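Step one of this worksheet: look at the structure below.
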Amino acid sequence: LISNALTNASGLMVSKLGSFLNFLRYKLMMDNSERGGSLKNIHAHYDLSNDLFRTFLDRETLMYSSAIFDAVKAREGQNGMVFRGNLEEAQWRKLDTLLSRAQVQPNQTLLDIGFGWGGLSLYAAKKYGCRVTGVTLSVEQKALAERRVTDAGLEHLITFEVVDYRTFARRKENRSHYDRVISCEMIEAVGHEHLGEFFWAVEQVLKPNGVLVMEAITTPESRYETYRRSTDLINTIIFPGSCCPSLHALVDASYKNSSLTLEHIDNIGLHYARTLAEWRRRFNASEEIVRRLGFDDIFMRVWNYYLTYCESGFHSQTENCLILVFSRPGCNALVPLCETRSVTQLPALTDIEIDAFLN
């Protein structure tokens, strides 16, 4: 009995020591600093292989963020949502939502922070004729995104650059230059300690009547302090240095480091669960291609765990995905968001109407 107790105690000590050392590595070696830490962390995930991401993302926008499906609440007595439509349709709907929340107007200047493979930038240029600048730290993403811009014949409207958002904001020519700033699931790569720097940077480049729209994966306030002082598979292996901030942390960083005020919130977390399920289905259906790209059994298992782990967080609503709208006090660009159709909800569907929706 004593021997078992000692064995258990020593195992616990080794586990605690391992967790502590992993946390030290996270804090000391994965910091998202402007001096190169962010570049290294982004490279570790987003530069794995463009062809890898093509195996599971939607084929039209290549958005690596939550889609918004056509969905209604499940029937009486059932939990969750009922979804319909494919991933491609859902990603176009999400892009329309982001641009609508930002109240983007024709021919405006738009800064896309963390533009991914260019889906949002391309759509804003095509639909509104926006002059778009995109910044990223991923060399691989920029290369493919620029090819897509060329294929679409939009080189005169879109410019992409590999540069830290803080460095970009310090340039005099960018001061108060942009009508709109959109950042779609980039804030998770910023890190808690640097949230204020993000809002400071947006403040520098945004015009007086400008609008920031941010799509952000967020952690509930009740466990945020514990979360940000710990490590897991996501913030050390999948997305090194990442941190999914709480809503309070974002608002706090905003008012302490800028004059931006939170104006509007949408929660699309349940749509993210559906998105991840579809990504996982496509990823596994493309296993042969993934292996030909040089990824082994361990990678397949780790990424299945990553996609399932995240799906369960959104499905259980213990992790959220928020669309947040910020502007300075007195911004009249967001008046349409106060229209009755924007602030009221339609009556819930009856079971008969849900049956019609499903059929």
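Following the order of the structure tokens, chains are lettered A, B, ..., residues in each are numbered from 1, and ligands are numbered from 1.
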
Could you make a table, as CSV, of the residues of stretch 76-178 of chain A that have an atom within 10 Å of an atom of stretch 200-218 of chain A, each with its nearest atom pair and distance in Å to one decimal, counting only C-alpha atoms, in chain and number order?
```
residue,atom,partner,partner_atom,distance
A:Leu98,CA,A:Val213,CA,6.9
A:Leu99,CA,A:Val213,CA,8.4
A:Ser100,CA,A:Val213,CA,9.8
A:Arg101,CA,A:Val213,CA,7.0
A:Ala102,CA,A:Val213,CA,5.8
A:Gln103,CA,A:Val211,CA,8.1
A:Val104,CA,A:Val211,CA,8.9
A:Thr109,CA,A:Lys207,CA,9.8
A:Leu110,CA,A:Leu206,CA,9.4
A:Leu111,CA,A:Val205,CA,8.7
A:Asp112,CA,A:Val213,CA,10.0
A:Ile113,CA,A:Val202,CA,9.5
A:Tyr165,CA,A:Ala201,CA,6.9
A:Arg166,CA,A:Ala201,CA,5.7
A:Thr167,CA,A:Ala201,CA,8.7
A:Phe168,CA,A:Ala201,CA,8.2
A:Ala169,CA,A:Ala201,CA,5.2
A:Arg170,CA,A:Gln204,CA,7.6
A:Arg171,CA,A:Val205,CA,9.1
A:Lys172,CA,A:Val205,CA,9.3
A:Glu173,CA,A:Val205,CA,9.1
A:Asn174,CA,A:Val205,CA,5.5
A:Arg175,CA,A:Val205,CA,4.6
A:Ser176,CA,A:Lys207,CA,4.3
A:His177,CA,A:Val205,CA,5.5
A:Tyr178,CA,A:Leu206,CA,5.0
```

Please report, as a Markdown table, each residue of stretch 51-85 of chain A lying at most 9 Å from stretch 277-287 of chain A, together with the nearest pair of atoms and the separation in Å rounded to one decimal; use only C-alpha atoms, and order rows by chain and ascending residue number.
```
| residue | atom | partner | partner_atom | distance |
| --- | --- | --- | --- | --- |
| A:Leu52 | CA | A:Phe283 | CA | 8.7 |
| A:Phe53 | CA | A:Phe283 | CA | 8.7 |
| A:Thr55 | CA | A:Phe283 | CA | 5.9 |
| A:Phe56 | CA | A:Arg282 | CA | 4.8 |
| A:Leu57 | CA | A:Trp279 | CA | 6.3 |
| A:Asp58 | CA | A:Trp279 | CA | 8.4 |
```

Export of the given selection (N, CA and C atoms) as a CSV table (one decimal), in the first residue's frame:
```csv
chain,number,residue,atom,x,y,z
A,52,LEU,N,-2.0,21.1,-47.8
A,52,LEU,CA,-2.6,20.4,-46.6
A,52,LEU,C,-3.9,21.1,-46.3
A,53,PHE,N,-3.9,22.4,-46.2
A,53,PHE,CA,-5.1,23.2,-45.9
A,53,PHE,C,-6.2,23.1,-47.0
A,55,THR,N,-7.0,20.5,-48.5
A,55,THR,CA,-7.7,19.2,-48.4
A,55,THR,C,-9.0,19.3,-47.6
A,56,PHE,N,-9.1,20.3,-46.7
A,56,PHE,CA,-10.3,20.3,-45.8
A,56,PHE,C,-11.0,21.7,-45.8
A,57,LEU,N,-10.4,22.7,-46.2
A,57,LEU,CA,-11.1,24.0,-46.2
A,57,LEU,C,-12.1,24.1,-47.4
A,58,ASP,N,-13.0,25.0,-47.4
A,58,ASP,CA,-13.9,25.1,-48.5
A,58,ASP,C,-13.1,25.5,-49.8
```

Handout entry: All strand (DSSP E) residues (DSSP, backbone) inside stretch 183-329 of chain A, as a ChimeraX atom specification
Key = /A:183-184,206-218,261-267,320-327

Find the residues near A:Phe295: any atom within 12 Å, counting only C-alpha atoms, skip ones fewer than 6 places away on the same chain, and give them as a PDB file with C-alpha atoms, in the first residue's frame.
```
ATOM      1  CA  LEU A  48       2.922  23.663 -42.868  1.00  0.00           C
ATOM      2  CA  SER A  49       1.656  23.316 -46.450  1.00  0.00           C
ATOM      3  CA  ASP A  51      -1.874  21.877 -50.096  1.00  0.00           C
ATOM      4  CA  LEU A  52      -2.604  20.428 -46.642  1.00  0.00           C
ATOM      5  CA  SER A 286      -8.309  13.192 -48.062  1.00  0.00           C
ATOM      6  CA  GLU A 287      -6.018  10.971 -45.957  1.00  0.00           C
ATOM      7  CA  GLU A 288      -4.241   9.557 -48.992  1.00  0.00           C
ATOM      8  CA  ILE A 289      -3.405  13.056 -50.238  1.00  0.00           C
ATOM      9  CA  ARG A 301      -3.893  11.358 -35.029  1.00  0.00           C
ATOM     10  CA  VAL A 302      -2.847  14.717 -33.584  1.00  0.00           C
ATOM     11  CA  TRP A 303      -4.894  16.676 -36.103  1.00  0.00           C
TER      12      TRP A 303
END
```

Exercise for the section: Have a look at A:Asn235, A:Cys244, A:Ser138, A:Ile268 and name the one nearest to A:Phe69; count only C-alpha atoms. Expected result: A:Ile268

Practice task
Using only C-alpha atoms, find the one residue out of A:Met300, A:Met63, A:Leu250, A:Ile354 that sits nearest to A:Tyr123.
Solution key: A:Met63

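Take atom CA of A:Ile323 and atom CA of A:Asp266: the distance between them is 5.0 Å.
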
Practice task
Find the residues around A:Met81 up to 6 Å (only C-alpha atoms counted), leave out those fewer than 4 positions away in its own chain, and share them as JSON, numbers by chain.
Solution key: {"A": [72, 73, 74]}
